[in-house]
Amino acid sequence: MARKGERNSTTQTHVQAARSGRSLPARFRNYVIAGVLVTAPIGITAWLAWQIVQFFDSSVRAIVPEGYNPEQYLPFSIPGIGLVIFVLALWLIGYATANLMGRTLIETGERVLSRMPVVRTVYGALKQIFETVLAHKSTAFRQVVLVEYPRRGLWCLAFVSGKTEGEVQNLSEDELVNIFLPTTPNPTSGFLLFVPKRDLTPLSMTVEEGIKMVVSGGIVTPPDRRSEAERSTPKIPAQSA
């Protein structure tokens, strides 16, 4: 999705084209396109938000006892009450975890899970992923890079997920970097690649801008914020014939 200024500029372009159009069909088409550009992002965002609220409301309503459900004492339903209860439950769990008793219960639960053959593998992988992504000290997915893939001369957008360590790094003389190469238009699937640091070209765009570019299939291109001198000096040399 484009930035607010870009959306407004595109909408104004179609409005001006409609006003200056010579034929009625051309003006009608441009006005329709301008209307879609204005209403589509708002409508889709509102629909997605409503779906999320309804999902939490129906899920929480099914597990909360009727006596503790505020809607039982009101003549009307409260949209979003399930989401509020879910957030409060997460806050209470986090608060309890910070205490000695909460930490003891979590450690006991983890010891039980560690003895279950299949569950311990799934739990360990999920815990490591969430700790890596959500921890404040994490550097995962903080940089967008270009990498030549699947062959020389073809460039792909990728995200740095960390520094390669352990056996994979010890097998190589080069300094390797873990990168996640997403697929289009679903950035949650992709490939984990171990690439020499010298073969990566860092980009100035943010991770959010990179994700938007991947999801849109290249339709949404973030602006180049580098200086004029940097833009006039290409970092990637031309391929020799």
# chains A, B, ... in the order shown; residues from 1 in each chain; ligands from 1
$ select_by_dssp --residues "range 125-239 of chain A" --states "alpha helix (DSSP H)" --output "MDAnalysis selection string"
chainID A and resid 125:134 166:170 207:215 228:231
$ atom_distance --atom1 "CA of Ser216 in chain A" --atom2 "CA of Pro41 in chain A"
13.8 Å
$ residues_around --residues "Glu148 in chain A" --least-positions-apart "2" --cutoff "12 Å" --atoms "only C-alpha atoms" --output "ChimeraX atom specification"
/A:145-146,150-158,181,193,195-196,198-201,236
$ atom_distance --atom1 "CA of Val144 in chain A" --atom2 "CA of Asn178 in chain A"
12.0 Å
$ select_by_dssp --residues "range 43-207 of chain A" --states "strand (DSSP E or B)" --output "ChimeraX atom specification"
/A:144-148,155-163,176-182,190-196,201-202
$ closest_residue --among "A:Phe130, A:Phe28, A:Phe141, A:Tyr149" --to "Ile179 in chain A" --atoms "only C-alpha atoms"
A:Phe141
$ residues_around --residues "Arg142 in chain A" --least-positions-apart "5" --cutoff "8 Å" --atoms "only C-alpha atoms" --output "ChimeraX atom specification"
/A:159-161,206-207
$ residues_around --residues "Ser77 in chain A" --least-positions-apart "6" --cutoff "12 Å" --atoms "only C-alpha atoms" --output "mmCIF file with C-alpha atoms, in the first residue's frame"
data_model
loop_
_atom_site.group_PDB
_atom_site.id
_atom_site.type_symbol
_atom_site.label_atom_id
_atom_site.label_comp_id
_atom_site.auth_asym_id
_atom_site.auth_seq_id
_atom_site.Cartn_x
_atom_site.Cartn_y
_atom_site.Cartn_z
ATOM 1 C CA GLN A 54 -15.481 -10.589 15.733
ATOM 2 C CA ASP A 57 -15.380 -11.795 20.550
ATOM 3 C CA SER A 58 -16.595 -15.224 19.440
ATOM 4 C CA ARG A 61 -17.257 -15.622 24.569
ATOM 5 C CA ASN A 69 -19.418 -12.009 30.791
ATOM 6 C CA PRO A 70 -20.382 -8.297 30.988
ATOM 7 C CA GLU A 71 -22.837 -8.715 28.104
#
$ closest_residue --among "A:Lys127, A:Lys163, A:Tyr95, A:Ala229" --to "Glu110 in chain A" --atoms "only C-alpha atoms"
A:Lys127
$ closest_residue --among "A:Ile106, A:Leu171, A:Gly80, A:Phe194" --to "Ala49 in chain A" --atoms "only C-alpha atoms"
A:Gly80
$ atom_distance --atom1 "CA of Gln143 in chain A" --atom2 "CA of Lys235 in chain A"
17.2 Å
$ decode --residues "range 95-108 of chain A" --atoms "all heavy atoms" --output "mmCIF file, in the first residue's frame"
data_model
loop_
_atom_site.group_PDB
_atom_site.id
_atom_site.type_symbol
_atom_site.label_atom_id
_atom_site.label_comp_id
_atom_site.auth_asym_id
_atom_site.auth_seq_id
_atom_site.Cartn_x
_atom_site.Cartn_y
_atom_site.Cartn_z
ATOM 1 N N TYR A 95 2.156 -10.146 33.987
ATOM 2 C CA TYR A 95 2.390 -9.665 35.356
ATOM 3 C C TYR A 95 2.721 -10.816 36.285
ATOM 4 O O TYR A 95 3.608 -10.716 37.137
ATOM 5 C CB TYR A 95 1.153 -8.917 35.853
ATOM 6 C CG TYR A 95 1.269 -8.420 37.279
ATOM 7 C CD1 TYR A 95 2.002 -7.276 37.573
ATOM 8 C CD2 TYR A 95 0.637 -9.096 38.315
ATOM 9 C CE1 TYR A 95 2.116 -6.820 38.877
ATOM 10 C CE2 TYR A 95 0.734 -8.658 39.622
ATOM 11 C CZ TYR A 95 1.476 -7.513 39.900
ATOM 12 O OH TYR A 95 1.587 -7.066 41.191
ATOM 13 N N ALA A 96 1.991 -11.938 36.142
ATOM 14 C CA ALA A 96 2.259 -13.097 36.982
ATOM 15 C C ALA A 96 3.621 -13.709 36.684
ATOM 16 O O ALA A 96 4.305 -14.213 37.573
ATOM 17 C CB ALA A 96 1.154 -14.142 36.796
ATOM 18 N N THR A 97 4.026 -13.647 35.420
ATOM 19 C CA THR A 97 5.318 -14.216 35.039
ATOM 20 C C THR A 97 6.473 -13.467 35.681
ATOM 21 O O THR A 97 7.528 -14.041 35.966
ATOM 22 C CB THR A 97 5.462 -14.188 33.508
ATOM 23 O OG1 THR A 97 4.348 -14.873 32.920
ATOM 24 C CG2 THR A 97 6.741 -14.870 33.064
ATOM 25 N N ALA A 98 6.276 -12.175 35.912
ATOM 26 C CA ALA A 98 7.347 -11.366 36.516
ATOM 27 C C ALA A 98 7.549 -11.699 37.985
ATOM 28 O O ALA A 98 8.580 -11.328 38.561
ATOM 29 C CB ALA A 98 7.028 -9.882 36.364
ATOM 30 N N ASN A 99 6.593 -12.367 38.613
ATOM 31 C CA ASN A 99 6.722 -12.734 40.022
ATOM 32 C C ASN A 99 7.389 -14.093 40.160
ATOM 33 O O ASN A 99 7.467 -14.883 39.221
ATOM 34 C CB ASN A 99 5.344 -12.755 40.695
ATOM 35 C CG ASN A 99 4.701 -11.379 40.662
ATOM 36 O OD1 ASN A 99 5.390 -10.367 40.742
ATOM 37 N ND2 ASN A 99 3.382 -11.344 40.518
ATOM 38 N N LEU A 100 7.843 -14.382 41.384
ATOM 39 C CA LEU A 100 8.542 -15.634 41.647
ATOM 40 C C LEU A 100 7.624 -16.828 41.433
ATOM 41 O O LEU A 100 8.023 -17.830 40.829
ATOM 42 C CB LEU A 100 9.088 -15.632 43.075
ATOM 43 C CG LEU A 100 9.805 -16.915 43.512
ATOM 44 C CD1 LEU A 100 11.009 -17.173 42.617
ATOM 45 C CD2 LEU A 100 10.229 -16.808 44.979
ATOM 46 N N MET A 101 6.380 -16.717 41.887
ATOM 47 C CA MET A 101 5.448 -17.829 41.740
ATOM 48 C C MET A 101 5.151 -18.097 40.268
ATOM 49 O O MET A 101 5.086 -19.254 39.836
ATOM 50 C CB MET A 101 4.143 -17.533 42.496
ATOM 51 C CG MET A 101 3.132 -18.680 42.452
ATOM 52 S SD MET A 101 1.666 -18.315 43.441
ATOM 53 C CE MET A 101 2.398 -18.204 45.071
ATOM 54 N N GLY A 102 4.979 -17.025 39.501
ATOM 55 C CA GLY A 102 4.706 -17.204 38.081
ATOM 56 C C GLY A 102 5.869 -17.850 37.366
ATOM 57 O O GLY A 102 5.676 -18.747 36.526
ATOM 58 N N ARG A 103 7.083 -17.411 37.668
ATOM 59 C CA ARG A 103 8.251 -18.021 37.034
ATOM 60 C C ARG A 103 8.388 -19.490 37.416
ATOM 61 O O ARG A 103 8.764 -20.329 36.594
ATOM 62 C CB ARG A 103 9.517 -17.252 37.419
ATOM 63 C CG ARG A 103 9.604 -15.863 36.820
ATOM 64 C CD ARG A 103 11.019 -15.322 36.903
ATOM 65 N NE ARG A 103 11.468 -15.220 38.289
ATOM 66 C CZ ARG A 103 11.317 -14.128 39.042
ATOM 67 N NH1 ARG A 103 10.719 -13.053 38.538
ATOM 68 N NH2 ARG A 103 11.754 -14.101 40.283
ATOM 69 N N THR A 104 8.055 -19.797 38.654
ATOM 70 C CA THR A 104 8.131 -21.195 39.101
ATOM 71 C C THR A 104 7.137 -22.076 38.343
ATOM 72 O O THR A 104 7.464 -23.189 37.922
ATOM 73 C CB THR A 104 7.850 -21.279 40.604
ATOM 74 O OG1 THR A 104 8.786 -20.450 41.315
ATOM 75 C CG2 THR A 104 7.985 -22.711 41.102
ATOM 76 N N LEU A 105 5.918 -21.562 38.159
ATOM 77 C CA LEU A 105 4.910 -22.328 37.416
ATOM 78 C C LEU A 105 5.333 -22.535 35.965
ATOM 79 O O LEU A 105 5.145 -23.616 35.396
ATOM 80 C CB LEU A 105 3.566 -21.601 37.478
ATOM 81 C CG LEU A 105 2.865 -21.580 38.846
ATOM 82 C CD1 LEU A 105 1.614 -20.722 38.780
ATOM 83 C CD2 LEU A 105 2.518 -22.998 39.286
ATOM 84 N N ILE A 106 5.904 -21.490 35.338
ATOM 85 C CA ILE A 106 6.336 -21.618 33.948
ATOM 86 C C ILE A 106 7.483 -22.615 33.826
ATOM 87 O O ILE A 106 7.513 -23.452 32.915
ATOM 88 C CB ILE A 106 6.745 -20.242 33.394
ATOM 89 C CG1 ILE A 106 5.515 -19.350 33.255
ATOM 90 C CG2 ILE A 106 7.439 -20.392 32.051
ATOM 91 C CD1 ILE A 106 5.823 -17.969 32.774
ATOM 92 N N GLU A 107 8.445 -22.555 34.743
ATOM 93 C CA GLU A 107 9.552 -23.504 34.713
ATOM 94 C C GLU A 107 9.065 -24.934 34.907
ATOM 95 O O GLU A 107 9.553 -25.865 34.256
ATOM 96 C CB GLU A 107 10.583 -23.134 35.773
ATOM 97 C CG GLU A 107 11.321 -21.836 35.482
ATOM 98 C CD GLU A 107 12.228 -21.426 36.621
ATOM 99 O OE1 GLU A 107 12.227 -22.150 37.651
ATOM 100 O OE2 GLU A 107 12.914 -20.400 36.501
ATOM 101 N N THR A 108 8.081 -25.108 35.792
ATOM 102 C CA THR A 108 7.515 -26.444 36.001
ATOM 103 C C THR A 108 6.821 -26.936 34.739
ATOM 104 O O THR A 108 6.983 -28.093 34.326
ATOM 105 C CB THR A 108 6.522 -26.424 37.166
ATOM 106 O OG1 THR A 108 7.181 -25.943 38.346
ATOM 107 C CG2 THR A 108 5.966 -27.818 37.426
#
